[in-house]
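Q: Dumping the structure here so I can ask a few things about it.
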Amino acid sequence: MSAENIPRASIQPARYGGIDTELKNLKLLARRLQPILTIHSTELQIFQRLCYKNKNQHRGALFWRNVIEVRRFLERIESLNLCDSINAFRSKFYDTTQSVNSIKGPWTHCPDTNYLADYSEKCRKALRLVEKTAERCLNAHRSFHRSITRTLALELHEIIEQIRACTIRLSGIVGSILIITLHVDRRLF
């Protein structure tokens with residue numbers, strides 16, 4: 001996603017307030033997203049450990065296929081680096097010498113429409129992935145609930161529930177990011 005920056009002076013002054021508001025919203029979303037992604041990462045590590053410890057025992061079970069599928073989806077969410085993506089997007093509006101976390105002054109330029117459209121599409125794909133993951137977690141939960149027999153399996157059931165709840169929260173936050181980037185796109189051009 002290469003972007004040509006449009007200087008602030010080239011944008012109509014009436015749009016400054018809208019862009020300021022959207023950038024503040026993105027900053028708030030990035031702050032809200034960070035702890036959720038930290039929880040997601042921790043839960044994924046626990047989930048991966050449980051999968052590793054139980055793969056031989058449950059390999060033939062139907063619910064285990066769902067568990068492995070959920071793990072793959074969760075790893076894909078982890079690989080998206082959503083916070084880094086939001087911060088990189090925000091930094092496109094500021095002088096590149098500043099750290100995105102220490103930005104103090106007003107934005108100096110904005111990316112062109114192609115970059116905004118690419119970023120909006122990336123957010124849509126992330127949203128679809130998070131929604132699919134939440135659906136897969138629910139399917140695994142149902143499948144697992146039908147075949148619960150062991151104490152160790154109860155531990156796995158609790159982890160699936162926690163990860164399902166986390167993916168539902170992530171879906172809401174990524175949806176908010178999508179809405180805000182679409183607002184930025186509409187207000188700029």
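Residue names in the structure tokens use chain letters A, B, ... in the order shown, residue numbers from 1 in each chain, and ligand numbers from 1 in the order shown.
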I'd like the neighbourhood of A:Ile68 as a PyMOL selection string, where a residue qualifies if any of its atoms comes within 10 Å (using only C-alpha atoms), though same-chain residues fewer than 6 positions away should be ignored.
A: chain A and resi 47-48+51+55+59+74+140
Q: Would you save the residues of that selection, restricted to C-alpha atoms, as a short mmCIF file (atom, residue, chain, number, x, y, z; two decimals), in the first residue's frame?
A:
```cif
data_model
loop_
_atom_site.label_atom_id
_atom_site.label_comp_id
_atom_site.auth_asym_id
_atom_site.auth_seq_id
_atom_site.Cartn_x
_atom_site.Cartn_y
_atom_site.Cartn_z
CA PHE A 47 -5.05 -22.66 23.89
CA GLN A 48 -2.00 -23.72 21.87
CA CYS A 51 -3.88 -28.36 21.96
CA LYS A 55 -3.61 -33.70 20.40
CA ARG A 59 -7.02 -36.54 17.59
CA LEU A 74 -6.91 -17.37 16.12
CA ALA A 140 -16.33 -25.82 18.42
#
```
Q: Any idea what's packed within 7 Å of stretch 28-30 of chain A, counting only C-alpha atoms, ignoring anything in its chain fewer than 4 positions away? Could you give it as a list in words?
A: Lys24, Gln34, Cys83 and Ile86 of chain A
Q: Near A:Glu75, within 10 Å and counting only C-alpha atoms, which residues show up once chain neighbours fewer than 4 positions away are dropped, as an MDAnalysis selection string?
A: chainID A and resid 40:41 44:45 48 69:71 79:80
Q: Please indicate the distance in Å from atom CA of A:Thr108 to atom CA of A:Ile179, rounded to one decimal place.
A: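 Answer for the atom CA of A:Thr108 to atom CA of A:Ile179 separation: 22.8 Å.
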Q: Pick from A:Arg90, A:Arg31, A:Arg128, A:Arg169: nearest to A:His109, with only C-alpha atoms counted?
A: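 Answer, going by the shortest atom-to-atom distance: A:Arg90.
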Q: So which residues touch A:Cys137 within 7 Å, counting only C-alpha atoms, skipping near sequence neighbours fewer than 3 positions away, as a list in words?
A: Val70, Thr133, Ala134, Ala140, His141, Ile160 and Arg164 of chain A
Q: Can you write just those residues out, C-alpha atoms, as a compact mmCIF listing (two decimals), in the first residue's frame?
A:
```txt
# COMPACT_ATOMS: atom_id res chain seq x y z
CA VAL A 70 -10.31 -22.42 15.81
CA THR A 133 -13.45 -16.94 14.05
CA ALA A 134 -16.29 -16.14 16.43
CA ALA A 140 -16.33 -25.82 18.42
CA HIS A 141 -18.07 -25.00 21.68
CA ILE A 160 -12.85 -22.13 24.17
CA ARG A 164 -15.02 -17.07 21.87
```
Q: Between A:Arg65, A:Arg76, A:Arg32, A:His58, which is the closest to A:Ala126 once you count only C-alpha atoms?
A: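 Of A:Arg65, A:Arg76, A:Arg32, A:His58, the one nearest A:Ala126 is A:Arg76, counting only C-alpha atoms.
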Q: Step one, run DSSP on the backbone; step two, keep only residues of stretch 2-124 of chain A assigned to strand (DSSP E or B); then write them as a short mmCIF file (atom, residue, chain, number, x, y, z; two decimals) with N, CA and C atoms, in the first residue's frame.
A:
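New file result.cif:
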```
data_model
loop_
_atom_site.label_atom_id
_atom_site.label_comp_id
_atom_site.auth_asym_id
_atom_site.auth_seq_id
_atom_site.Cartn_x
_atom_site.Cartn_y
_atom_site.Cartn_z
N ASN A 5 1.07 11.43 -0.16
CA ASN A 5 0.47 12.28 0.86
C ASN A 5 -0.03 13.58 0.26
N ILE A 6 -1.18 13.99 0.73
CA ILE A 6 -1.77 15.26 0.32
C ILE A 6 -1.52 16.24 1.46
N PRO A 7 -0.87 17.37 1.19
CA PRO A 7 -0.59 18.34 2.26
C PRO A 7 -1.89 18.88 2.86
N HIS A 109 -0.58 16.16 6.91
CA HIS A 109 -0.98 15.71 5.57
C HIS A 109 -1.89 14.50 5.73
N CYS A 110 -2.42 14.05 4.62
CA CYS A 110 -3.24 12.84 4.69
C CYS A 110 -2.96 11.98 3.47
N PRO A 111 -3.18 10.68 3.60
CA PRO A 111 -2.95 9.78 2.47
C PRO A 111 -3.98 10.00 1.36
#
```
Q: Please identify the alpha helix (DSSP H) residues within stretch 12-176 of chain A (assignment by DSSP from backbone atoms) and present them as number ranges by chain.
A: A: 16-58, 62-80, 82-91, 113-146, 151-176
